[in-house]
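Chemist: Provided herewith is a single structure, encoded as structure tokens, for subsequent inquiry.
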Amino acid sequence: MKARRRSWIVPLFLCFAFATRTALGAPAGASIDLPMLSAPPSADGKIDATWQKAATLSLDMDFTNRRAASEPTHVYAAQDGDEIDVAFDVSQKEAQTASQETNSSSVLGDDYVGVYLFPQGARGIAYSFVANPRGVRFQTSSENSAYTPQWTAVGRATDGGYAVTMRIPLRIIRSGGSASWRAQFVRETVAKNSLDVWTYDPRATYGTDPTYAGVLNDVGGSGKTAPASARPQPRLQAYALSESTSKANGGSTSRVGADFAIPIAPTVSFVGTLHPDYSNVEIDQQTISPSAFARQFQEIRPFFTQAASYFNEHLACLNCPLTLYTPSIPTFGQGYAVEGTHGYASFAAFDTIGDGRNDSAQALNYNFENPNEAFGVNLQHVDVSAYGLSDATTTLNLGYQDNQTHTFSYLNVGQDRGSNVTDASLGNYLETGFGYGDATSTYGLSLQQIGAQFNPLDGFVSQPDIYGYESVAQKTFNFAAHTVLHDISTTAFYARYNNHDGLLSQTDASAQVNVDLKDLVSVHLYLSSTGVRTFDNEFLPFNGNGAMLAYRLNTSTPTYIMYTGGNYYHGELDSWSYVSTLPLARRLHLVLEGDEDQYTTQWPGEQSTRQWLERAALDWQFSRDASFDLGVRRIIGGNLPNSFQPLSYGNTGVCFFNPYNPGCFINAGNVTAAFHFLTAKNEFYVVYGNADSLSTEPSLFLKWIRYIGAPKGT
């Protein structure tokens with residue numbers, strides 16, 4: 001139900017019939033008692049006699065395709081005091097997809113098995129622990145997007161597939177004192193585009209929906225609360241960083257600082273940061289892909305990852321502005337926050353103090369859900385005081401969903417007040433809509449109003465001053481396991497908005513058909529016709545019609561060719577992308593990318609431009625905990641026009657301060673190298689250059705992070 005505007009696209013054609021056979025896995029709410037073993041079972045990828053007394057269950061339902069699982073997966077679950085023990089015995093005839101060797105989110109591009117845990121029920125803190133056939137692991141927590149505790153997973157090939165054993169410490173999970181946890185066990189197979197699950201309910205919209213999960217009873221043993229998980233540890237995350245560079249680049253420097261989290265209740269923490277480090281040297285966010293709107297960037301600063309999930313909440317939204325976009329907050333000296341959950345409620349608040357600037361935000365959420373219905377109330381306030389400017393933004397989001405009929409409705413309202421809002425009527429936001437959504441389809445219609453001056457200093461609004469409506473339709477058709485076609489996904493989006501003067505402000509009409517075939521081949525066809533009233537009051541097209549041919553697209557080793565073209569700004573656009581990740585050896589990958597944009601115009605005073613981005617990277621995953629990356633990138637040519645910034649040709653002042661400004665010519669190269677190693681209590685970075693910089697920065701960064709108490713992100 002939530003999507004960014006340009007990801008919803010209209011189908012051109014679809015007349016396919018298909019048949020599926022239905023089957024039922026364990027019903028939602030099915031439960032097992034978690035046996036207490038006298039000694040830890042085998043944890044080396046072997047399922048032997050030490051697992052004999054574990055509870056057993058099977059993954060009988062393919063949630064993606066809504067049919068019986070085509071191959072058996074047996075799961076063993078138990079506990080041995082302070083650890084949860086899980087083993088997966090997987091039968092698989094198809095070739096395995098298992099490219100990842102270092103623990104990271106890329107595991108989700110491989111075949112994997114996993115357990116999802118919801119100790120406090122459907123609306124408490126959620127956890128996931130997954131591993132690929134090699135035992136490479138990844139984990140998540142809804143409390144902290146940087147959740148990286150120490151736990152173990154070992155994978156081993158078997159005669160008929162593979163086996164994975166897991167040991168998950170109770171101390172890395174905030175149970176809130178509960179001894180009955182909702183849980184879901186899953187097995188993903190890339191070659192079959194299938195997600196096999198333990199419990200199944202046709203009302204669920206995704207396979208790991210906690211509302212329809214099963215239950216693990218007696219976590220901690222003998223009906224008692226699990227003591228290790230009920231008392232979370234405090235965490236001190238101290239760092240020391242040195243930068244060695246030339247005087248021309250600012251000179252060498254060093255700094256120290258710390259982030260900390262102190263539990264003040266089983267599910268509530270006080271969080272702080274002193275002299276935080278925001279070098280972000282390991283992130284590469286360069287792109288030249290066509291866009292009429294400003295781009296969003298990823299937030300990785302530890303202080304903001306702790307409570308990020310509690311902000312910007314809403315039950316539904318087709319195209320809502322972000323009233324808290326933390327990359328807008330510059331470097332500050334200290335920050336303090338509190339975050340947590342209690343029953344169906346969650347809350348978070350932070351305050352950051354910088355030189356002449358103060359940024360703060362508060363969020364209070366109440367989200368109720370049971371198998372029949374769900375509703376949410378989300379209140380948020382963001383305040384900025386900076387260099388004589390002030391800004392205060394308040395939003396209230398309401399929503400209701402009938403899980404039996406799959407219908408939903410919502411109302412989101414907000415107001416922006418401050419130095420930049422001269423007319424209160426232009427600083428308001430309103431969106432209301434209704435629709436239908438299940439596991440394979442979404443249909444929605446909404447009315448939206450974003451005032452011309454609704455533009456929060458700490459927010460992100462891609463296009464203010466719009467008053468109109470938008471509609472979306474999406475449907476996925478899944479086919480029988482033996483057919484060449486895996487699935488066909490179609491999407492439709494149409495929107496039309498005026499501005500506060502009654503002039504046409506923006507239109508969107510788009511269509512996309514995605515076809516996934518056997519052997520991991522995908523074909524995407526798309527049309528996109530977008531018109532936007534620009535900064536100088538022109539109404540101009542930003543169209544993107546094209547196609548993509550891809551192999552292994554959703555894995556960690558994708559290859560694809562993509563073309564986008566059409567009327568664009570005052571001229572025509574042709575854009576090509578060529579991307580491939582090649583496995584040179586088991587632990588060594590080569591990433592190659594070439595992008596080219598050709599903008600042709602005959603508008604007086606404008607120049608036709610061509611821009612290239614060429615990128616190569618070598619990724620050496622030499623252990624589960626360590627990796628080395630070498631990257632080379634070059635960008636040449638003029639930046640594409642967009643709707644929100646005027647073109648600059650030869651204006652050295654504008655281009656010096658913002659080389660990405662439309663019309664500015666770039667001829668820059670960047671070389672970076674990075675080593676990363678994470679242990680239970682220490683994390684090390686050795687980085688040359690800055691992957692997020694346009695040109696090579698001759699700097700060597702050494703960073704050491706020491707975790708005292710709880711592990712990273714817990």
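Each chain in the structure tokens gets a letter, A, B and so on, in the order shown; residues start at 1 in every chain, and ligands are counted from 1 in the order they appear.
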Can you tell me which residues surround stretch 400-402 of chain A at a distance of at most 7 Å, considering only C-alpha atoms, apart from same-chain residues fewer than 4 positions away, and format the answer as a list in words?

Modeler: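 Residues meeting the cut-off are Asn372, Glu373, Ala374, Phe375, Gly376, His406, Thr407, Phe408, Ser409 and Tyr410 of chain A.
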
Chemist: What lies within 6 Å of stretch 132-146 of chain A using only C-alpha atoms, ignoring chain neighbours under 6 positions off, as a PyMOL selection string?

Modeler: chain A and resi 101+103-105+111-112+125-126+153-155+305-307+713

Chemist: Okay, now the selection with N, CA, C and O atoms, as a JSON list (two decimals), in the first residue's frame?

Modeler:
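See part_11.json below for the written result:
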```json
[["chain", "number", "residue", "atom", "x", "y", "z"],
["A", 101, "GLU", "N", 29.67, -14.70, 0.85],
["A", 101, "GLU", "CA", 30.60, -15.34, 1.78],
["A", 101, "GLU", "C", 30.83, -14.53, 3.05],
["A", 101, "GLU", "O", 31.32, -15.05, 4.04],
["A", 103, "ASN", "N", 29.07, -12.08, 6.03],
["A", 103, "ASN", "CA", 27.78, -11.79, 6.64],
["A", 103, "ASN", "C", 27.31, -10.39, 6.25],
["A", 103, "ASN", "O", 28.00, -9.40, 6.51],
["A", 104, "SER", "N", 26.14, -10.30, 5.62],
["A", 104, "SER", "CA", 25.57, -9.01, 5.24],
["A", 104, "SER", "C", 24.18, -9.24, 4.67],
["A", 104, "SER", "O", 23.74, -10.38, 4.48],
["A", 105, "SER", "N", 23.50, -8.14, 4.34],
["A", 105, "SER", "CA", 22.15, -8.23, 3.78],
["A", 105, "SER", "C", 22.12, -8.88, 2.42],
["A", 105, "SER", "O", 21.06, -9.29, 1.94],
["A", 111, "ASP", "N", 19.62, -18.30, -1.98],
["A", 111, "ASP", "CA", 18.74, -19.21, -1.27],
["A", 111, "ASP", "C", 19.03, -19.03, 0.23],
["A", 111, "ASP", "O", 20.18, -18.85, 0.62],
["A", 112, "TYR", "N", 17.99, -19.12, 1.05],
["A", 112, "TYR", "CA", 18.24, -18.99, 2.49],
["A", 112, "TYR", "C", 17.13, -19.65, 3.29],
["A", 112, "TYR", "O", 16.02, -19.91, 2.79],
["A", 125, "ILE", "N", 8.88, -5.43, 19.13],
["A", 125, "ILE", "CA", 10.12, -5.46, 18.36],
["A", 125, "ILE", "C", 10.19, -6.79, 17.61],
["A", 125, "ILE", "O", 9.98, -7.86, 18.19],
["A", 126, "ALA", "N", 10.48, -6.72, 16.31],
["A", 126, "ALA", "CA", 10.55, -7.91, 15.46],
["A", 126, "ALA", "C", 12.00, -8.23, 15.11],
["A", 126, "ALA", "O", 12.81, -7.32, 14.90],
["A", 153, "ALA", "N", 25.70, -19.54, 12.69],
["A", 153, "ALA", "CA", 24.99, -20.33, 11.68],
["A", 153, "ALA", "C", 26.05, -21.10, 10.90],
["A", 153, "ALA", "O", 27.09, -20.56, 10.53],
["A", 154, "VAL", "N", 25.78, -22.38, 10.65],
["A", 154, "VAL", "CA", 26.69, -23.23, 9.90],
["A", 154, "VAL", "C", 25.88, -23.97, 8.85],
["A", 154, "VAL", "O", 24.83, -24.55, 9.15],
["A", 155, "GLY", "N", 26.35, -23.93, 7.61],
["A", 155, "GLY", "CA", 25.69, -24.64, 6.52],
["A", 155, "GLY", "C", 26.55, -25.77, 6.00],
["A", 155, "GLY", "O", 27.78, -25.71, 6.03],
["A", 305, "THR", "N", 20.03, 5.41, 13.43],
["A", 305, "THR", "CA", 19.55, 4.06, 13.11],
["A", 305, "THR", "C", 18.85, 3.40, 14.29],
["A", 305, "THR", "O", 18.07, 2.46, 14.09],
["A", 306, "GLN", "N", 19.09, 3.87, 15.51],
["A", 306, "GLN", "CA", 18.53, 3.22, 16.69],
["A", 306, "GLN", "C", 17.01, 3.26, 16.71],
["A", 306, "GLN", "O", 16.36, 2.29, 17.04],
["A", 307, "ALA", "N", 16.42, 4.39, 16.34],
["A", 307, "ALA", "CA", 14.97, 4.53, 16.47],
["A", 307, "ALA", "C", 14.30, 4.92, 15.16],
["A", 307, "ALA", "O", 13.17, 5.39, 15.16],
["A", 713, "GLY", "N", 24.32, -2.52, 17.64],
["A", 713, "GLY", "CA", 22.93, -2.39, 17.22],
["A", 713, "GLY", "C", 21.91, -3.01, 18.14],
["A", 713, "GLY", "O", 20.72, -3.02, 17.81]]
```

Chemist: Counting only C-alpha atoms, what is within 9 Å of A:Tyr239, bar same-chain residues fewer than 6 positions away, as a ChimeraX atom specification?

Modeler: /A:255-259,276-277,703-707

Chemist: I'd like the contact shell of A:Phe347 - 10 Å cut-off, only C-alpha atoms, skipping same-chain residues fewer than 4 positions apart - returned as a PyMOL selection string.

Modeler: chain A and resi 268+307+309-311+338-342+362-366+378-380

Chemist: Could you pull out the residues in stretch 167-222 of chain A that DSSP calls strand (DSSP E) from the backbone, as a PDB file with N, CA and C atoms, in the first residue's frame?

Modeler:
```
ATOM      1  N   ARG A 167      22.381 -21.032  16.270  1.00  0.00           N
ATOM      2  CA  ARG A 167      22.311 -20.823  17.714  1.00  0.00           C
ATOM      3  C   ARG A 167      22.150 -19.321  17.951  1.00  0.00           C
ATOM      4  N   ILE A 168      21.022 -18.958  18.572  1.00  0.00           N
ATOM      5  CA  ILE A 168      20.655 -17.558  18.747  1.00  0.00           C
ATOM      6  C   ILE A 168      20.601 -17.254  20.238  1.00  0.00           C
ATOM      7  N   PRO A 169      21.511 -16.437  20.763  1.00  0.00           N
ATOM      8  CA  PRO A 169      21.502 -16.135  22.204  1.00  0.00           C
ATOM      9  C   PRO A 169      20.258 -15.337  22.601  1.00  0.00           C
ATOM     10  N   TRP A 181       6.422 -16.597  22.371  1.00  0.00           N
ATOM     11  CA  TRP A 181       6.818 -15.723  21.271  1.00  0.00           C
ATOM     12  C   TRP A 181       6.146 -16.167  19.978  1.00  0.00           C
ATOM     13  N   ARG A 182       5.641 -15.210  19.223  1.00  0.00           N
ATOM     14  CA  ARG A 182       5.212 -15.536  17.865  1.00  0.00           C
ATOM     15  C   ARG A 182       6.449 -15.794  17.014  1.00  0.00           C
ATOM     16  N   ALA A 183       6.310 -16.713  16.057  1.00  0.00           N
ATOM     17  CA  ALA A 183       7.471 -17.094  15.253  1.00  0.00           C
ATOM     18  C   ALA A 183       7.019 -17.597  13.890  1.00  0.00           C
ATOM     19  N   GLN A 184       7.865 -17.401  12.905  1.00  0.00           N
ATOM     20  CA  GLN A 184       7.650 -17.961  11.578  1.00  0.00           C
ATOM     21  C   GLN A 184       8.981 -18.506  11.074  1.00  0.00           C
ATOM     22  N   PHE A 185       8.938 -19.686  10.474  1.00  0.00           N
ATOM     23  CA  PHE A 185      10.111 -20.305   9.876  1.00  0.00           C
ATOM     24  C   PHE A 185       9.924 -20.300   8.361  1.00  0.00           C
ATOM     25  N   VAL A 186      11.005 -19.982   7.613  1.00  0.00           N
ATOM     26  CA  VAL A 186      10.871 -19.823   6.165  1.00  0.00           C
ATOM     27  C   VAL A 186      12.042 -20.482   5.450  1.00  0.00           C
ATOM     28  N   ARG A 187      11.814 -20.709   4.161  1.00  0.00           N
ATOM     29  CA  ARG A 187      12.868 -21.205   3.274  1.00  0.00           C
ATOM     30  C   ARG A 187      12.638 -20.589   1.887  1.00  0.00           C
ATOM     31  N   GLU A 188      13.605 -19.788   1.419  1.00  0.00           N
ATOM     32  CA  GLU A 188      13.532 -19.114   0.122  1.00  0.00           C
ATOM     33  C   GLU A 188      14.371 -19.879  -0.899  1.00  0.00           C
ATOM     34  N   THR A 189      13.791 -20.134  -2.090  1.00  0.00           N
ATOM     35  CA  THR A 189      14.505 -20.793  -3.186  1.00  0.00           C
ATOM     36  C   THR A 189      14.440 -19.884  -4.403  1.00  0.00           C
ATOM     37  N   SER A 194      10.168 -19.087  -4.777  1.00  0.00           N
ATOM     38  CA  SER A 194       9.244 -19.600  -3.771  1.00  0.00           C
ATOM     39  C   SER A 194       9.716 -19.232  -2.375  1.00  0.00           C
ATOM     40  N   LEU A 195       8.738 -19.000  -1.488  1.00  0.00           N
ATOM     41  CA  LEU A 195       9.000 -18.792  -0.071  1.00  0.00           C
ATOM     42  C   LEU A 195       8.127 -19.778   0.684  1.00  0.00           C
ATOM     43  N   ASP A 196       8.733 -20.847   1.182  1.00  0.00           N
ATOM     44  CA  ASP A 196       7.998 -21.857   1.936  1.00  0.00           C
ATOM     45  C   ASP A 196       7.930 -21.440   3.401  1.00  0.00           C
ATOM     46  N   VAL A 197       6.742 -21.609   4.017  1.00  0.00           N
ATOM     47  CA  VAL A 197       6.525 -21.128   5.381  1.00  0.00           C
ATOM     48  C   VAL A 197       5.918 -22.231   6.237  1.00  0.00           C
ATOM     49  N   THR A 199       3.550 -21.557   9.098  1.00  0.00           N
ATOM     50  CA  THR A 199       2.124 -21.278   9.266  1.00  0.00           C
ATOM     51  C   THR A 199       1.627 -20.447   8.097  1.00  0.00           C
ATOM     52  N   TYR A 200       0.367 -20.668   7.730  1.00  0.00           N
ATOM     53  CA  TYR A 200      -0.183 -19.996   6.546  1.00  0.00           C
ATOM     54  C   TYR A 200      -1.631 -19.605   6.799  1.00  0.00           C
ATOM     55  N   GLY A 214       3.097 -18.501  13.900  1.00  0.00           N
ATOM     56  CA  GLY A 214       2.878 -19.493  14.932  1.00  0.00           C
ATOM     57  C   GLY A 214       3.392 -18.992  16.274  1.00  0.00           C
ATOM     58  N   VAL A 215       3.445 -19.881  17.253  1.00  0.00           N
ATOM     59  CA  VAL A 215       3.839 -19.500  18.608  1.00  0.00           C
ATOM     60  C   VAL A 215       4.844 -20.504  19.146  1.00  0.00           C
ATOM     61  N   LEU A 216       5.907 -19.989  19.758  1.00  0.00           N
ATOM     62  CA  LEU A 216       6.852 -20.805  20.526  1.00  0.00           C
ATOM     63  C   LEU A 216       6.523 -20.618  22.005  1.00  0.00           C
ATOM     64  N   ASN A 217       6.167 -21.694  22.668  1.00  0.00           N
ATOM     65  CA  ASN A 217       5.816 -21.633  24.085  1.00  0.00           C
ATOM     66  C   ASN A 217       6.998 -22.001  24.971  1.00  0.00           C
TER      67      ASN A 217
END
```

Chemist: Which residue, A:Tyr685, A:Ser529, A:Tyr443, A:Val523, has the smallest gap to A:Thr491 when you use only C-alpha atoms?

Modeler: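 Ranked by minimum distance to A:Thr491, first place goes to A:Tyr443.
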
Chemist: Just the residues within 12 Å of A:Asp597, please, counting only C-alpha atoms, with nothing from its chain fewer than 5 positions along; format it as a VMD selection string.

Modeler: chain A and resid 287 to 291 562 to 566 568 572 to 577 608 to 614 635 to 641

Chemist: Between atom CA of A:Ala261 and atom CA of A:Leu236, what is the distance, to one decimal in Å?

Modeler: 6.6 Å

Chemist: Using only C-alpha atoms, which residues sit within 6 Å of A:Phe350 once same-chain residues fewer than 3 positions away are excluded, as a PyMOL selection string?

Modeler: chain A and resi 336-337+360-361

Chemist: Work out how far atom CA of A:Cys320 is from atom CA of A:Ala509, in Å to one decimal.

Modeler: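 One can read the atom CA of A:Ala509 to atom CA of A:Cys320 distance as 18.1 Å.
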